[in-house]
file protein.csv (CSV, C-alpha atoms and all ligand atoms)
chain,number,residue,atom,x,y,z
T,1,MET,CA,8.7,24.0,3.3
T,2,LEU,CA,8.6,21.6,0.3
T,3,VAL,CA,7.4,18.6,2.4
T,4,LYS,CA,4.4,20.5,3.7
T,5,GLU,CA,3.6,21.8,0.2
T,6,ILE,CA,3.7,18.2,-1.3
T,7,GLU,CA,1.5,16.9,1.6
T,8,ARG,CA,-1.1,19.6,1.0
T,9,PHE,CA,-1.1,19.1,-2.7
T,10,ALA,CA,-1.3,15.3,-2.4
T,11,LYS,CA,-4.2,15.5,0.0
T,12,LYS,CA,-6.0,18.0,-2.3
T,13,LYS,CA,-5.6,15.4,-5.1
T,14,GLY,CA,-7.2,12.7,-2.9
T,15,ALA,CA,-4.4,10.9,-1.1
T,16,GLU,CA,-5.5,9.8,2.4
T,17,LEU,CA,-2.0,9.0,3.7
T,18,VAL,CA,1.1,10.9,2.8
T,19,GLY,CA,4.6,9.9,4.1
T,20,PHE,CA,8.2,10.6,3.1
T,21,THR,CA,11.5,8.8,3.3
T,22,ASP,CA,15.1,9.4,2.4
T,23,SER,CA,16.2,5.9,3.5
T,24,LYS,CA,19.1,5.0,1.2
T,25,ARG,CA,18.4,1.3,1.9
T,26,ALA,CA,14.8,1.5,0.9
T,27,LEU,CA,15.6,3.7,-2.2
T,28,SER,CA,18.3,1.3,-3.3
T,29,TYR,CA,15.7,-1.4,-4.2
T,30,LEU,CA,14.5,0.9,-7.0
T,31,CYS,CA,17.9,1.2,-8.7
T,32,ILE,CA,17.3,4.9,-9.6
T,33,PRO,CA,20.7,6.5,-9.1
T,34,TRP,CA,19.4,10.1,-8.8
T,35,ALA,CA,16.7,9.3,-6.2
T,36,ASN,CA,17.3,11.2,-2.9
T,37,SER,CA,13.8,10.9,-1.4
T,38,ALA,CA,10.4,9.4,-2.0
T,39,VAL,CA,6.9,10.6,-1.4
T,40,VAL,CA,4.7,7.6,-0.3
T,41,LEU,CA,0.9,7.8,-0.9
T,42,GLY,CA,-1.9,5.7,0.5
T,43,LEU,CA,-5.6,5.3,-0.2
T,44,SER,CA,-8.1,3.1,1.6
T,45,ILE,CA,-9.7,0.3,-0.3
T,46,ARG,CA,-12.8,1.4,1.6
T,47,HIS,CA,-12.6,4.8,-0.2
T,48,PRO,CA,-16.0,6.7,-0.4
T,49,LEU,CA,-15.9,6.4,-4.2
T,50,LEU,CA,-16.6,2.7,-3.8
T,51,ALA,CA,-19.6,3.2,-1.6
T,52,THR,CA,-22.0,2.6,-4.4
T,53,GLY,CA,-23.8,-0.3,-2.8
T,54,VAL,CA,-22.2,-2.8,-5.2
T,55,ARG,CA,-20.9,-5.9,-3.4
T,56,TYR,CA,-17.7,-7.2,-4.7
T,57,PRO,CA,-16.9,-11.0,-4.7
T,58,THR,CA,-13.3,-10.3,-3.6
T,59,TRP,CA,-11.0,-7.3,-2.7
T,60,GLU,CA,-9.4,-7.5,-6.1
T,61,GLU,CA,-12.0,-5.4,-8.0
T,62,PRO,CA,-12.0,-2.5,-5.5
T,63,ARG,CA,-8.2,-2.8,-5.4
T,64,GLN,CA,-7.9,-2.4,-9.2
T,65,PHE,CA,-10.2,0.6,-9.0
T,66,ILE,CA,-8.2,2.3,-6.2
T,67,ASP,CA,-4.9,1.5,-8.2
T,68,VAL,CA,-6.2,3.7,-11.1
T,69,ILE,CA,-6.8,6.6,-8.7
T,70,MET,CA,-3.4,6.0,-7.0
T,71,ASP,CA,-1.6,6.1,-10.3
T,72,ALA,CA,-3.3,9.4,-11.2
T,73,ILE,CA,-2.4,11.0,-7.8
T,74,ALA,CA,1.3,9.8,-8.2
T,75,LEU,CA,1.5,11.3,-11.7
T,76,SER,CA,0.2,14.6,-10.4
T,77,ILE,CA,2.9,14.7,-7.7
T,78,GLU,CA,5.5,13.9,-10.3
T,79,GLU,CA,4.3,16.9,-12.4
T,80,PHE,CA,4.1,19.1,-9.3
T,81,LEU,CA,7.8,18.3,-8.5
T,82,GLU,CA,8.9,18.7,-12.1
T,83,ALA,CA,7.3,22.1,-12.3
T,84,LYS,CA,9.5,23.1,-9.4
T,85,GLY,CA,12.6,22.0,-11.3
T,86,TYR,CA,13.2,18.6,-9.6
T,87,ARG,CA,13.5,15.2,-11.2
T,88,ALA,CA,10.6,13.0,-10.3
T,89,SER,CA,9.2,9.6,-11.3
T,90,ALA,CA,5.9,8.2,-10.3
T,91,ILE,CA,5.6,4.5,-9.3
T,92,GLY,CA,1.9,3.7,-9.6
T,93,ALA,CA,0.1,1.2,-7.4
T,94,SER,CA,-0.7,-0.8,-10.6
T,95,ASN,CA,3.0,-1.2,-11.3
T,96,ARG,CA,3.3,-4.8,-10.1
T,97,SER,CA,7.0,-5.1,-11.1
T,98,THR,CA,8.2,-2.7,-8.3
T,99,ASP,CA,7.9,-3.6,-4.7
T,100,LEU,CA,6.9,-0.6,-2.7
T,101,ARG,CA,7.1,-2.3,0.7
T,102,PRO,CA,10.6,-1.0,1.6
T,103,LEU,CA,9.5,2.6,0.9
T,104,VAL,CA,6.2,2.3,2.8
T,105,LEU,CA,7.9,0.7,5.8
T,106,ALA,CA,10.7,3.3,5.8
T,107,SER,CA,8.1,6.2,5.6
T,108,GLY,CA,6.5,4.9,8.7
T,109,LEU,CA,3.0,4.9,7.2
T,110,GLY,CA,2.6,1.2,8.1
T,111,VAL,CA,4.2,-1.8,9.6
T,112,GLU,CA,4.2,-5.4,8.6
T,113,GLY,CA,1.4,-7.4,10.3
T,114,LYS,CA,1.3,-11.0,11.2
T,115,ASN,CA,-0.7,-11.5,8.0
T,116,HIS,CA,2.5,-10.5,6.1
T,117,LEU,CA,0.7,-7.4,4.7
T,118,ILE,CA,1.4,-3.8,5.5
T,119,ILE,CA,-1.1,-2.6,8.0
T,120,THR,CA,-1.7,1.1,8.9
T,121,PRO,CA,-3.3,2.5,12.0
T,122,GLU,CA,-5.9,4.2,9.9
T,123,PHE,CA,-7.0,1.4,7.6
T,124,GLY,CA,-5.3,-1.8,8.7
T,125,PRO,CA,-4.4,-3.8,5.6
T,126,ARG,CA,-7.2,-2.3,3.6
T,127,VAL,CA,-5.0,0.2,1.8
T,128,ARG,CA,-3.1,0.6,-1.4
T,129,PHE,CA,0.2,2.5,-1.9
T,130,SER,CA,2.0,4.4,-4.7
T,131,ALA,CA,5.1,6.5,-4.6
T,132,VAL,CA,7.0,9.2,-6.3
T,133,VAL,CA,10.8,9.3,-6.2
T,134,THR,CA,12.6,12.6,-6.6
T,135,ASP,CA,16.1,14.1,-6.6
T,136,ALA,CA,14.8,16.7,-4.1
T,137,LYS,CA,16.4,16.3,-0.7
T,138,LEU,CA,13.2,16.3,1.4
T,139,GLU,CA,13.4,17.0,5.1
T,140,VAL,CA,12.0,13.8,6.3
T,141,GLU,CA,10.6,13.0,9.7
T,142,PRO,CA,9.2,9.4,9.5
T,143,ARG,CA,6.2,8.7,11.6
T,144,ARG,CA,6.9,6.3,14.4
T,145,ILE,CA,4.2,3.7,14.8
T,146,ILE,CA,3.9,1.0,17.3
T,147,ASN,CA,3.4,-2.7,16.8
T,148,LEU,CA,-0.2,-2.9,15.7
T,149,CYS,CA,-0.6,-6.6,16.2
T,150,ARG,CA,0.3,-6.8,19.8
T,151,GLY,CA,-1.4,-9.9,21.3
T,152,CYS,CA,-3.7,-10.4,18.3
T,153,ASN,CA,-3.5,-13.6,16.3
T,154,ILE,CA,-6.8,-13.4,14.5
T,155,CYS,CA,-5.5,-13.6,10.9
T,156,CYS,CA,-3.2,-16.6,11.7
T,157,GLU,CA,-6.1,-18.5,13.2
T,158,ALA,CA,-8.5,-17.6,10.3
T,159,CYS,CA,-6.0,-18.5,7.5
T,160,PRO,CA,-7.5,-21.6,5.8
T,161,SER,CA,-4.2,-22.7,4.3
T,162,GLY,CA,-2.0,-22.6,7.4
T,163,ALA,CA,0.2,-20.1,5.6
T,164,LEU,CA,0.5,-17.8,8.6
T,165,ASN,CA,2.1,-20.1,11.1
T,166,GLY,CA,5.1,-18.1,12.2
T,167,THR,CA,6.8,-17.3,8.9
T,168,PHE,CA,4.7,-16.7,5.8
T,169,ASN,CA,4.3,-19.8,3.7
T,170,ILE,CA,3.7,-18.2,0.3
T,171,LYS,CA,3.4,-21.6,-1.4
T,172,ALA,CA,0.6,-22.7,0.8
T,173,CYS,CA,-1.2,-19.4,0.3
T,174,GLU,CA,-0.8,-19.5,-3.5
T,175,ASN,CA,-1.9,-23.2,-3.7
T,176,TYR,CA,-5.0,-22.3,-1.8
T,177,ASN,CA,-5.8,-19.3,-4.1
T,178,ARG,CA,-5.4,-21.5,-7.2
T,179,GLN,CA,-7.8,-24.0,-5.7
T,180,LEU,CA,-10.3,-21.2,-5.1
T,181,GLU,CA,-9.9,-20.0,-8.6
T,182,ARG,CA,-10.6,-23.5,-10.0
T,183,GLU,CA,-13.6,-23.9,-7.8
T,184,SER,CA,-15.1,-20.5,-8.4
T,185,GLY,CA,-14.3,-20.2,-12.1
T,186,LEU,CA,-13.2,-16.6,-11.4
T,187,LEU,CA,-9.8,-15.6,-12.6
T,188,ILE,CA,-9.4,-13.0,-9.9
T,189,LYS,CA,-10.8,-15.2,-7.1
T,190,LYS,CA,-8.5,-14.8,-4.1
T,191,CYS,CA,-8.8,-15.6,-0.5
T,192,THR,CA,-8.7,-12.3,1.4
T,193,LEU,CA,-9.5,-13.6,4.9
T,194,CYS,CA,-6.3,-12.2,6.4
T,195,THR,CA,-7.4,-8.8,5.1
T,196,ASP,CA,-11.0,-9.1,6.0
T,197,VAL,CA,-10.6,-10.2,9.6
T,198,CYS,CA,-7.9,-7.7,10.7
T,199,PRO,CA,-9.5,-5.5,13.4
T,200,VAL,CA,-6.9,-2.6,13.0
T,201,GLY,CA,-8.4,0.4,11.3
T,202,ARG,CA,-11.8,-1.1,11.0
T,203,LYS,CA,-14.4,1.7,11.3
O,301,LIG,S1,-4.8,-14.9,1.5
O,301,LIG,FE1,-5.9,-16.5,2.6
O,301,LIG,S2,-4.6,-18.3,2.4
O,301,LIG,FE2,-3.3,-16.6,1.9
O,301,LIG,S3,-2.4,-16.0,3.9
O,301,LIG,FE3,-4.2,-14.8,3.7
O,301,LIG,S4,-5.8,-16.0,4.8
O,301,LIG,FE4,-4.1,-17.4,4.3
O,302,LIG,S1,-5.5,-9.7,12.3
O,302,LIG,FE1,-4.4,-9.2,14.2
O,302,LIG,S2,-2.4,-10.3,14.1
O,302,LIG,FE2,-3.3,-10.2,12.0
O,302,LIG,S3,-2.4,-8.4,11.1
O,302,LIG,FE3,-4.3,-7.8,12.0
O,302,LIG,S4,-3.8,-7.1,14.0
O,302,LIG,FE4,-2.1,-8.3,13.3
call {"tool": "encode", "arguments": {"input": "protein.csv", "output": "structure tokens"}}
result
Amino acid sequence: MLVKEIERFAKKKGAELVGFTDSKRALSYLCIPWANSAVVLGLSIRHPLLATGVRYPTWEEPRQFIDVIMDAIALSIEEFLEAKGYRASAIGASNRSTDLRPLVLASGLGVEGKNHLIITPEFGPRVRFSAVVTDAKLEVEPRRIINLCRGCNICCEACPSGALNGTFNIKACENYNRQLERESGLLIKKCTLCTDVCPVGRK
């Protein structure tokens, strides 16, 4: 079965999470008329390749490193599908112009947490995603995962900008990040408290 073949291949290439979706709604955000399904790939920001002892000032540096790996895995799945005669197009994790959230949520790999990030049972919010859309009609069985936040409110209480009071106040979060940037002098300085404190998937 093609789904199993793709999953095996993706894991061999290094993907830690592999999901599938044929949700028309999620695919419609991409505006790719021939897309029938998508393969969604996830890799932990705590990937063993990062275990070099180097301490990073923010999550941004390991995130960029993981994105390069994710892009390569997505490209290899694109080639895998094309070799089988399907149309395919990789959407790498470094592609900031495409929002992969609808595909990730539809695949069931993760759910939206109270921190407004996608959290997965395996890694919490410490994970990056890429995807490959294809005209193959994959037999999809999305994973069903439960509400991972339940009674937890840790990220909302930890947020220094008050951005997580009920709905996500993106302006408050951005203003706080710009302030951090000015104070630290680092262009990529970002507050990542809502990622750091999440207990889900913490090993
Ligand atoms: S990044 Fe920082 S300021 Fe923004 S929502 Fe998360 S904890 Fe709050
Ligand atoms: S810290 Fe708690 S409330 Fe926030 S996203 Fe994680 S589990 Fe959900």
call {"tool": "closest_atom_pairs", "arguments": {"input": "protein.csv", "of": "chain T", "to": "ligand LIG 302 (chain O)", "cutoff": "8 Å", "atoms": "all atoms listed in the file", "output": "Markdown table"}}
result
| residue | atom | partner | partner_atom | distance |
| --- | --- | --- | --- | --- |
| T:Glu112 | CA | O:LIG302 | S3 | 7.7 |
| T:Gly113 | CA | O:LIG302 | S3 | 4.0 |
| T:Lys114 | CA | O:LIG302 | S3 | 4.5 |
| T:Asn115 | CA | O:LIG302 | S3 | 4.7 |
| T:His116 | CA | O:LIG302 | S3 | 7.3 |
| T:Leu117 | CA | O:LIG302 | S3 | 7.2 |
| T:Ile119 | CA | O:LIG302 | S3 | 6.7 |
| T:Gly124 | CA | O:LIG302 | FE3 | 6.9 |
| T:Pro125 | CA | O:LIG302 | S3 | 7.4 |
| T:Leu148 | CA | O:LIG302 | S4 | 5.8 |
| T:Cys149 | CA | O:LIG302 | FE4 | 3.7 |
| T:Arg150 | CA | O:LIG302 | FE4 | 7.1 |
| T:Gly151 | CA | O:LIG302 | S2 | 7.3 |
| T:Cys152 | CA | O:LIG302 | FE1 | 4.3 |
| T:Asn153 | CA | O:LIG302 | S2 | 4.1 |
| T:Ile154 | CA | O:LIG302 | S1 | 4.5 |
| T:Cys155 | CA | O:LIG302 | S1 | 4.1 |
| T:Cys156 | CA | O:LIG302 | FE2 | 6.4 |
| T:Cys194 | CA | O:LIG302 | S1 | 6.5 |
| T:Thr195 | CA | O:LIG302 | S1 | 7.5 |
| T:Val197 | CA | O:LIG302 | S1 | 5.8 |
| T:Cys198 | CA | O:LIG302 | S1 | 3.5 |
| T:Pro199 | CA | O:LIG302 | FE3 | 5.9 |
| T:Val200 | CA | O:LIG302 | S4 | 5.6 |
call {"tool": "residues_near_ligand", "arguments": {"input": "protein.csv", "ligand": "ligand LIG 301 (chain O)", "cutoff": "10 Å", "atoms": "all atoms listed in the file", "output": "number ranges by chain"}}
result
T: 114-117, 155-165, 168-177, 180, 190-197
call {"tool": "atom_distance", "arguments": {"input": "protein.csv", "atom1": "CA of Asp135 (chain T)", "atom2": "CA of Lys24 (chain T)"}}
result
12.4 Å
call {"tool": "atom_distance", "arguments": {"input": "protein.csv", "atom1": "CA of Gly110 (chain T)", "atom2": "CA of Glu7 (chain T)"}}
result
17.0 Å
call {"tool": "atom_distance", "arguments": {"input": "protein.csv", "atom1": "CA of Phe20 (chain T)", "atom2": "CA of Met1 (chain T)"}}
result
13.4 Å
call {"tool": "residues_near_point", "arguments": {"input": "protein.csv", "point": "(9.5, -0.9, -8.4)", "cutoff": "10 Å", "atoms": "only C-alpha atoms", "output": "ChimeraX atom specification"}}
result
/T:27,29-32,90-93,95-101,103,130-131
call {"tool": "residues_near_point", "arguments": {"input": "protein.csv", "point": "(6.9, 16.2, -10.5)", "cutoff": "6 Å", "atoms": "only C-alpha atoms", "output": "PyMOL selection string"}}
result
chain T and resi 77-82+88
call {"tool": "closest_residue", "arguments": {"input": "protein.csv", "among": "T:Pro121, T:Asp22, T:Met70, T:Ile6", "to": "Ile45 (chain T)", "atoms": "only C-alpha atoms"}}
result
T:Met70
call {"tool": "residues_around", "arguments": {"input": "protein.csv", "residues": "region 15-19 of chain T", "least_positions_apart": "4", "cutoff": "10 Å", "atoms": "only C-alpha atoms", "output": "PyMOL selection string"}}
result
chain T and resi 3+6-11+38-44+47+69-70+73-74+103-110+120+122-123+127-131+140-143
